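What follows is the content of input22.tsv (TSV, C-alpha atoms).
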```
chain	number	residue	atom	x	y	z
A	1	MET	CA	-105.60	94.48	-111.01
A	2	THR	CA	-105.02	97.07	-108.32
A	3	MET	CA	-104.89	96.27	-104.62
A	4	ASP	CA	-107.13	99.12	-103.47
A	5	ILE	CA	-108.76	97.24	-100.59
A	6	GLY	CA	-111.71	99.64	-100.50
A	7	VAL	CA	-111.04	100.92	-96.97
A	8	PRO	CA	-108.07	102.84	-95.52
A	9	ILE	CA	-107.16	100.04	-93.13
A	10	LYS	CA	-108.42	96.52	-92.50
A	11	ASP	CA	-108.11	94.89	-89.06
A	12	LEU	CA	-107.10	91.26	-89.67
A	13	GLY	CA	-107.60	90.35	-86.01
A	14	SER	CA	-105.58	89.32	-83.01
A	15	TYR	CA	-102.40	87.23	-83.31
A	16	THR	CA	-99.73	85.93	-80.96
A	17	ILE	CA	-96.98	88.43	-81.68
A	18	GLU	CA	-94.99	88.09	-78.44
A	19	PRO	CA	-92.17	85.85	-79.77
A	20	LEU	CA	-91.56	88.23	-82.71
A	21	ARG	CA	-92.02	91.34	-80.57
A	22	ASP	CA	-89.59	90.13	-77.91
A	23	LYS	CA	-86.97	89.21	-80.53
A	24	ILE	CA	-87.28	92.60	-82.32
A	25	LEU	CA	-87.16	94.62	-79.10
A	26	ALA	CA	-84.04	92.70	-77.99
A	27	LEU	CA	-82.12	93.45	-81.22
A	28	PRO	CA	-78.84	95.28	-80.65
A	29	GLU	CA	-78.76	98.86	-81.90
A	30	GLU	CA	-76.26	97.98	-84.66
A	31	ALA	CA	-78.83	95.62	-86.24
A	32	TRP	CA	-80.98	98.67	-87.03
A	33	ALA	CA	-78.13	100.36	-88.91
A	34	GLY	CA	-77.42	97.42	-91.22
A	35	ASN	CA	-79.68	98.23	-94.19
A	36	GLU	CA	-80.07	101.84	-95.28
A	37	PHE	CA	-81.48	101.27	-98.77
A	38	ARG	CA	-85.00	102.52	-97.93
A	39	GLN	CA	-83.66	105.60	-96.11
A	40	LEU	CA	-81.35	106.54	-98.98
A	41	GLU	CA	-83.63	105.60	-101.87
A	42	TYR	CA	-86.90	107.04	-100.52
A	43	GLU	CA	-86.75	110.47	-98.95
A	44	VAL	CA	-89.96	109.81	-96.98
A	45	HIS	CA	-88.14	107.07	-95.01
A	46	ALA	CA	-85.18	109.25	-93.94
A	47	HIS	CA	-86.22	109.01	-90.26
A	48	THR	CA	-86.58	105.22	-90.24
A	49	GLN	CA	-84.29	102.28	-89.63
A	50	SER	CA	-85.03	98.77	-90.88
A	51	VAL	CA	-84.07	95.20	-90.14
A	52	VAL	CA	-84.85	93.59	-93.50
A	53	LEU	CA	-85.56	89.84	-93.92
A	54	VAL	CA	-86.46	89.77	-97.61
A	55	PHE	CA	-86.56	92.57	-100.14
A	56	THR	CA	-87.06	93.36	-103.79
A	57	HIS	CA	-86.11	96.54	-105.54
A	58	GLY	CA	-88.82	95.57	-107.99
A	59	HIS	CA	-86.70	96.15	-111.11
A	60	GLY	CA	-88.19	94.50	-114.20
A	61	TRP	CA	-91.63	94.04	-112.64
A	62	PRO	CA	-93.30	91.53	-112.71
A	63	ASN	CA	-90.10	89.50	-113.25
A	64	ILE	CA	-88.50	90.47	-109.96
A	65	GLU	CA	-85.83	89.05	-107.73
A	66	VAL	CA	-86.50	88.70	-104.03
A	67	SER	CA	-83.37	88.36	-101.93
A	68	LYS	CA	-82.78	87.26	-98.35
A	69	GLU	CA	-81.15	90.03	-96.35
A	70	VAL	CA	-79.20	90.09	-93.07
A	71	GLY	CA	-82.37	90.38	-90.99
A	72	TRP	CA	-83.37	86.85	-92.09
A	73	ASP	CA	-80.94	85.24	-89.66
A	74	LEU	CA	-82.06	87.59	-86.88
A	75	LEU	CA	-85.87	87.32	-87.16
A	76	ALA	CA	-87.03	84.59	-89.59
A	77	GLU	CA	-87.52	81.94	-86.91
A	78	GLU	CA	-90.23	84.07	-85.24
A	79	ALA	CA	-91.47	86.06	-88.26
A	80	VAL	CA	-92.00	83.36	-90.89
A	81	PRO	CA	-94.55	81.23	-88.96
A	82	LEU	CA	-96.51	84.37	-88.01
A	83	MET	CA	-96.54	85.69	-91.60
A	84	HIS	CA	-97.65	82.28	-92.89
A	85	LYS	CA	-100.46	82.05	-90.31
A	86	ILE	CA	-101.77	85.51	-91.30
A	87	LEU	CA	-101.58	84.62	-95.01
A	88	GLU	CA	-103.30	81.27	-94.44
A	89	ASP	CA	-106.15	83.02	-92.58
A	90	HIS	CA	-106.77	85.86	-95.05
A	91	TYR	CA	-105.20	85.48	-98.50
A	92	PRO	CA	-105.09	83.02	-101.42
A	93	PRO	CA	-102.24	80.50	-101.17
A	94	GLY	CA	-99.36	80.24	-103.62
A	95	GLY	CA	-98.21	83.86	-103.73
A	96	THR	CA	-94.90	85.38	-102.69
A	97	ILE	CA	-93.72	87.52	-99.80
A	98	ILE	CA	-91.64	90.12	-101.64
A	99	ARG	CA	-90.66	92.34	-98.72
A	100	ALA	CA	-90.50	91.74	-94.96
A	101	MET	CA	-88.88	93.96	-92.36
A	102	ALA	CA	-89.02	95.44	-88.91
A	103	ALA	CA	-89.24	99.21	-89.42
A	104	ARG	CA	-88.59	101.76	-86.70
A	105	LEU	CA	-89.62	105.40	-86.91
A	106	GLN	CA	-87.37	107.26	-84.53
A	107	ALA	CA	-88.70	109.54	-81.78
A	108	GLY	CA	-89.54	112.89	-83.37
A	109	GLY	CA	-89.46	111.28	-86.82
A	110	VAL	CA	-91.87	111.84	-89.68
A	111	ILE	CA	-92.81	109.85	-92.76
A	112	LYS	CA	-94.28	112.55	-94.99
A	113	PRO	CA	-97.58	111.98	-96.83
A	114	HIS	CA	-96.97	109.74	-99.84
A	115	ASN	CA	-98.47	107.03	-102.02
A	116	ASP	CA	-96.50	103.88	-102.75
A	117	LYS	CA	-95.81	104.15	-106.48
A	118	HIS	CA	-93.99	101.00	-107.60
A	119	PRO	CA	-96.22	98.51	-109.51
A	120	SER	CA	-95.53	95.85	-106.87
A	121	PHE	CA	-97.52	97.96	-104.40
A	122	HIS	CA	-100.49	97.97	-106.77
A	123	HIS	CA	-100.52	94.15	-106.89
A	124	GLY	CA	-99.66	93.20	-103.32
A	125	HIS	CA	-101.06	93.41	-99.84
A	126	ARG	CA	-99.12	95.56	-97.32
A	127	ILE	CA	-99.50	94.06	-93.88
A	128	HIS	CA	-98.49	95.78	-90.64
A	129	ILE	CA	-97.86	94.08	-87.31
A	130	PRO	CA	-97.50	96.77	-84.61
A	131	ILE	CA	-94.59	95.87	-82.29
A	132	SER	CA	-94.20	98.95	-80.08
A	133	SER	CA	-95.68	102.42	-80.11
A	134	ASN	CA	-96.62	105.33	-77.89
A	135	PRO	CA	-99.71	107.54	-77.59
A	136	ARG	CA	-98.02	110.33	-79.57
A	137	VAL	CA	-97.70	108.34	-82.81
A	138	ARG	CA	-100.12	109.54	-85.48
A	139	PHE	CA	-100.65	107.23	-88.46
A	140	MET	CA	-102.73	108.87	-91.20
A	141	ILE	CA	-104.33	107.19	-94.21
A	142	ASP	CA	-106.37	109.21	-96.69
A	143	GLY	CA	-106.34	112.22	-94.36
A	144	ARG	CA	-107.71	110.36	-91.32
A	145	PRO	CA	-105.91	109.15	-88.19
A	146	GLN	CA	-105.79	105.36	-87.79
A	147	ARG	CA	-105.21	103.43	-84.58
A	148	MET	CA	-103.15	100.27	-84.70
A	149	GLN	CA	-103.42	98.17	-81.57
A	150	ILE	CA	-100.47	96.03	-80.50
A	151	GLY	CA	-101.53	92.39	-80.74
A	152	ASN	CA	-103.63	92.95	-83.85
A	153	VAL	CA	-102.53	92.78	-87.48
A	154	TYR	CA	-103.61	95.20	-90.20
A	155	GLU	CA	-103.59	95.55	-93.95
A	156	ILE	CA	-103.15	99.17	-94.97
A	157	ASN	CA	-104.40	100.63	-98.22
A	158	ASN	CA	-101.11	101.95	-99.58
A	159	GLN	CA	-102.94	103.20	-102.69
A	160	LYS	CA	-104.22	106.01	-100.46
A	161	GLN	CA	-101.93	108.77	-99.24
A	162	HIS	CA	-100.42	107.83	-95.88
A	163	SER	CA	-98.02	109.32	-93.35
A	164	VAL	CA	-96.72	108.77	-89.84
A	165	MET	CA	-95.59	111.23	-87.21
A	166	ASN	CA	-93.90	110.15	-83.98
A	167	LYS	CA	-93.99	112.98	-81.44
A	168	GLY	CA	-93.23	110.54	-78.61
A	169	SER	CA	-89.94	110.03	-76.81
A	170	GLU	CA	-89.37	106.49	-78.07
A	171	GLY	CA	-89.30	104.86	-81.48
A	172	ARG	CA	-92.37	103.25	-83.04
A	173	VAL	CA	-91.75	99.79	-84.49
A	174	ASN	CA	-93.94	97.87	-86.93
A	175	PHE	CA	-93.16	94.63	-88.68
A	176	ILE	CA	-94.24	95.13	-92.31
A	177	PHE	CA	-94.54	92.62	-95.11
A	178	ASP	CA	-95.82	92.67	-98.68
A	179	TYR	CA	-97.61	89.64	-100.09
A	180	VAL	CA	-98.31	89.31	-103.80
A	181	PRO	CA	-101.03	86.72	-104.52
A	182	PRO	CA	-100.57	84.09	-107.26
A	183	ASN	CA	-101.35	85.33	-110.78
A	184	ASN	CA	-99.99	88.81	-109.93
A	185	ILE	CA	-96.31	87.99	-110.29
A	186	SER	CA	-93.96	86.09	-112.59
A	187	ARG	CA	-91.50	83.67	-111.10
```
For the file at hand, write its structure as structure tokens.
Amino acid sequence: MTMDIGVPIKDLGSYTIEPLRDKILALPEEAWAGNEFRQLEYEVHAHTQSVVLVFTHGHGWPNIEVSKEVGWDLLAEEAVPLMHKILEDHYPPGGTIIRAMAARLQAGGVIKPHNDKHPSFHHGHRIHIPISSNPRVRFMIDGRPQRMQIGNVYEINNQKQHSVMNKGSEGRVNFIFDYVPPNNISR
């Protein structure tokens, strides 16, 4: 079963993001340098920095291991209740959050057009919580610009080609998590 949600982006509505936003924006700069796996493993993420709470490399799909990372201690208190509220409102219970991170695209940075290839992306929902942005950020899905409003939460269709360009003078930060519903994963 593929997770093509049928539209490029789905607005999941307005949520109280302030506690998570304030915590992320107050992180010391060294917190952003702690986990470079995505930048080194995926060329498209070379201009990003991440504070990772949970992550899977996805080896041996669907029998995967999800590990807590250093970002857990920094952001879980604010992030976990928000993720659970979003999941409770929109998705079947009993699944697994397999990735969760704050991701920053530096000023002048680009995430080149790509499709997420790993099987976990075909079985999960990729949810974005915009934290900070600027008018010169361009998020494209399937060749069309998409607006993400701070205070709203979105599911993106990562089966479609997507890219981000930040021509602004400050970084763009989204909190991103992947949720795999029950029956789509082995535990």
Once 8 Å is added on each side, what centre and edge lengths in Å to one decimal does the axis-aligned box around all listed atoms of segment 96-107 of chain A have, as AutoDock Vina command-line options?
```
--center_x -91.1 --center_y 97.5 --center_z -92.2 --size_x 23.5 --size_y 40.2 --size_z 36.9
```
Closest atom pairs, residues of segment 135-160 of chain A within 6 Å of segment 110-127 of chain A, all atoms listed in the file, as CSV:
```
residue,atom,partner,partner_atom,distance
A:Tyr154,CA,A:Ile127,CA,5.6
A:Glu155,CA,A:Ile127,CA,4.4
A:Ile156,CA,A:Arg126,CA,5.9
A:Asn158,CA,A:Asp116,CA,5.9
A:Gln159,CA,A:Asn115,CA,5.9
```
Note to self: Using only C-alpha atoms for the distances, tell me which of A:Gly171, A:Ile97, A:Glu88, A:Pro145 is nearest to Thr56 of chain A.
What the structure shows: A:Ile97
Check: In Å to one decimal, how far is atom CA of Gly143 of chain A from atom CA of Asp11 of chain A?
Finding: 18.2 Å
Next item on the list: Could you check how far atom CA of Arg99 of chain A sits from atom CA of Pro130 of chain A, in Å to one decimal?
Entry: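 Between atom CA of Arg99 of chain A and atom CA of Pro130 of chain A the gap is 16.3 Å.
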Counting all atoms listed in the file, which residues of segment 52-129 of chain A fall within 8 Å of segment 17-37 of chain A, and what is the closest atom pair for each with its distance in Å at one decimal, ordered by chain and rising number, as JSON lines?
```
{"residue": "A:Val52", "atom": "CA", "partner": "A:Asn35", "partner_atom": "CA", "distance": 7.0}
{"residue": "A:Val70", "atom": "CA", "partner": "A:Gly34", "partner_atom": "CA", "distance": 7.8}
{"residue": "A:Gly71", "atom": "CA", "partner": "A:Ala31", "partner_atom": "CA", "distance": 7.9}
{"residue": "A:Leu75", "atom": "CA", "partner": "A:Lys23", "partner_atom": "CA", "distance": 7.0}
{"residue": "A:Glu78", "atom": "CA", "partner": "A:Leu20", "partner_atom": "CA", "distance": 5.0}
{"residue": "A:Ala79", "atom": "CA", "partner": "A:Leu20", "partner_atom": "CA", "distance": 6.0}
{"residue": "A:Leu82", "atom": "CA", "partner": "A:Ile17", "partner_atom": "CA", "distance": 7.5}
{"residue": "A:Ala102", "atom": "CA", "partner": "A:Ile24", "partner_atom": "CA", "distance": 7.4}
```
Item checked: A:Arg104, A:Val153, A:Ser14, A:Asp89 ranked by distance to His47 of chain A, top pick (using all atoms listed in the file) ->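 Smallest distance to His47 of chain A is found for A:Arg104.
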Notebook entry, point to check: Which one of A:Asn183, A:Thr48, A:Thr96, A:Asn152 sits closest to Gly13 of chain A if you count only C-alpha atoms?
Noted result: A:Asn152
Note to self: Taking (-97.7, 99.5, -85.9) in the coordinates of the supplied file, I want to know which residues reach to within 9 Å of it, counting all atoms listed in the file; could you give the answer as a VMD selection string?
What the structure shows: chain A and resid 128 to 133 139 147 to 150 153 to 154 172 to 176
Residue selection dump (C-alpha atoms) as a PDB file, in the coordinates of the input:
```
ATOM      1  CA  HIS A 128     -98.490  95.780 -90.640  1.00  0.00           C
ATOM      2  CA  ILE A 129     -97.860  94.080 -87.310  1.00  0.00           C
ATOM      3  CA  PRO A 130     -97.500  96.770 -84.610  1.00  0.00           C
ATOM      4  CA  ILE A 131     -94.590  95.870 -82.290  1.00  0.00           C
ATOM      5  CA  SER A 132     -94.200  98.950 -80.080  1.00  0.00           C
ATOM      6  CA  SER A 133     -95.680 102.420 -80.110  1.00  0.00           C
ATOM      7  CA  PHE A 139    -100.650 107.230 -88.460  1.00  0.00           C
ATOM      8  CA  ARG A 147    -105.210 103.430 -84.580  1.00  0.00           C
ATOM      9  CA  MET A 148    -103.150 100.270 -84.700  1.00  0.00           C
ATOM     10  CA  GLN A 149    -103.420  98.170 -81.570  1.00  0.00           C
ATOM     11  CA  ILE A 150    -100.470  96.030 -80.500  1.00  0.00           C
ATOM     12  CA  VAL A 153    -102.530  92.780 -87.480  1.00  0.00           C
ATOM     13  CA  TYR A 154    -103.610  95.200 -90.200  1.00  0.00           C
ATOM     14  CA  ARG A 172     -92.370 103.250 -83.040  1.00  0.00           C
ATOM     15  CA  VAL A 173     -91.750  99.790 -84.490  1.00  0.00           C
ATOM     16  CA  ASN A 174     -93.940  97.870 -86.930  1.00  0.00           C
ATOM     17  CA  PHE A 175     -93.160  94.630 -88.680  1.00  0.00           C
ATOM     18  CA  ILE A 176     -94.240  95.130 -92.310  1.00  0.00           C
TER      19      ILE A 176
END
```
Next item on the list: Determine, counting all atoms listed in the file, which protein, DNA and RNA residues have an atom within 10 Å of an atom of Ser169 of chain A; residues of the same chain fewer than 5 positions away are not included. Present the result as an MDAnalysis selection string.
Entry: chainID A and resid 106:108 134 136:137
Next item on the list: Determine the nearest neighbour of Gly6 of chain A from the options A:Ile86, A:Pro62, A:Lys160, A:Asp178, counting only C-alpha atoms.
Entry: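 That would be A:Lys160, the residue with the smallest distance to Gly6 of chain A.
Our summary of the geometry notes that atom CA of Leu87 of chain A is positioned 9.8 Å from atom CA of Pro181 of chain A.
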N, CA, C and O atoms modelled onto segment 86-109 of chain A, as a short mmCIF file (atom, residue, chain, number, x, y, z; two decimals), in the frame of the given file:
```
data_model
loop_
_atom_site.label_atom_id
_atom_site.label_comp_id
_atom_site.auth_asym_id
_atom_site.auth_seq_id
_atom_site.Cartn_x
_atom_site.Cartn_y
_atom_site.Cartn_z
N ILE A 86 -100.94 84.38 -90.83
CA ILE A 86 -101.77 85.51 -91.30
C ILE A 86 -102.20 85.27 -92.74
O ILE A 86 -103.38 85.45 -93.09
N LEU A 87 -101.26 84.86 -93.59
CA LEU A 87 -101.58 84.62 -95.01
C LEU A 87 -102.59 83.48 -95.14
O LEU A 87 -103.55 83.58 -95.92
N GLU A 88 -102.40 82.42 -94.40
CA GLU A 88 -103.30 81.27 -94.44
C GLU A 88 -104.73 81.68 -94.05
O GLU A 88 -105.70 81.22 -94.63
N ASP A 89 -104.83 82.59 -93.07
CA ASP A 89 -106.15 83.02 -92.58
C ASP A 89 -106.86 83.98 -93.52
O ASP A 89 -108.09 84.06 -93.48
N HIS A 90 -106.13 84.74 -94.34
CA HIS A 90 -106.77 85.86 -95.05
C HIS A 90 -106.54 85.95 -96.56
O HIS A 90 -107.25 86.72 -97.22
N TYR A 91 -105.57 85.24 -97.11
CA TYR A 91 -105.20 85.48 -98.50
C TYR A 91 -105.09 84.17 -99.28
O TYR A 91 -104.87 83.12 -98.70
N PRO A 92 -105.21 84.25 -100.61
CA PRO A 92 -105.09 83.02 -101.42
C PRO A 92 -103.68 82.45 -101.33
O PRO A 92 -102.70 83.21 -101.31
N PRO A 93 -103.57 81.12 -101.27
CA PRO A 93 -102.24 80.50 -101.17
C PRO A 93 -101.48 80.57 -102.49
O PRO A 93 -102.07 80.82 -103.54
N GLY A 94 -100.17 80.37 -102.41
CA GLY A 94 -99.36 80.24 -103.62
C GLY A 94 -98.70 81.50 -104.09
O GLY A 94 -98.04 81.51 -105.12
N GLY A 95 -98.85 82.60 -103.35
CA GLY A 95 -98.21 83.86 -103.73
C GLY A 95 -96.81 83.94 -103.16
O GLY A 95 -96.21 82.94 -102.76
N THR A 96 -96.28 85.15 -103.11
CA THR A 96 -94.90 85.38 -102.69
C THR A 96 -94.82 86.56 -101.75
O THR A 96 -95.41 87.62 -102.01
N ILE A 97 -94.07 86.39 -100.66
CA ILE A 97 -93.72 87.52 -99.80
C ILE A 97 -92.53 88.19 -100.46
O ILE A 97 -91.48 87.58 -100.61
N ILE A 98 -92.71 89.44 -100.89
CA ILE A 98 -91.64 90.12 -101.64
C ILE A 98 -90.84 91.11 -100.80
O ILE A 98 -89.77 91.52 -101.20
N ARG A 99 -91.39 91.49 -99.66
CA ARG A 99 -90.66 92.34 -98.72
C ARG A 99 -91.10 91.95 -97.31
O ARG A 99 -92.28 91.67 -97.10
N ALA A 100 -90.17 91.96 -96.37
CA ALA A 100 -90.50 91.74 -94.96
C ALA A 100 -89.43 92.41 -94.13
O ALA A 100 -88.23 92.22 -94.38
N MET A 101 -89.85 93.22 -93.16
CA MET A 101 -88.88 93.96 -92.36
C MET A 101 -89.50 94.46 -91.07
O MET A 101 -90.71 94.68 -90.99
N ALA A 102 -88.66 94.65 -90.08
CA ALA A 102 -89.02 95.44 -88.91
C ALA A 102 -88.61 96.86 -89.25
O ALA A 102 -87.48 97.10 -89.70
N ALA A 103 -89.51 97.81 -89.07
CA ALA A 103 -89.24 99.21 -89.42
C ALA A 103 -89.48 100.08 -88.19
O ALA A 103 -90.53 99.98 -87.56
N ARG A 104 -88.49 100.89 -87.87
CA ARG A 104 -88.59 101.76 -86.70
C ARG A 104 -88.58 103.21 -87.15
O ARG A 104 -87.69 103.64 -87.89
N LEU A 105 -89.58 103.95 -86.69
CA LEU A 105 -89.62 105.40 -86.91
C LEU A 105 -89.12 106.05 -85.62
O LEU A 105 -89.74 105.89 -84.57
N GLN A 106 -87.99 106.72 -85.73
CA GLN A 106 -87.37 107.26 -84.53
C GLN A 106 -88.25 108.29 -83.84
O GLN A 106 -89.13 108.89 -84.45
N ALA A 107 -88.00 108.51 -82.55
CA ALA A 107 -88.70 109.54 -81.78
C ALA A 107 -88.51 110.87 -82.48
O ALA A 107 -87.40 111.21 -82.91
N GLY A 108 -89.59 111.61 -82.66
CA GLY A 108 -89.54 112.89 -83.37
C GLY A 108 -89.53 112.75 -84.88
O GLY A 108 -89.53 113.74 -85.60
N GLY A 109 -89.55 111.51 -85.38
CA GLY A 109 -89.46 111.28 -86.82
C GLY A 109 -90.79 111.42 -87.54
O GLY A 109 -91.86 111.30 -86.94
#
```
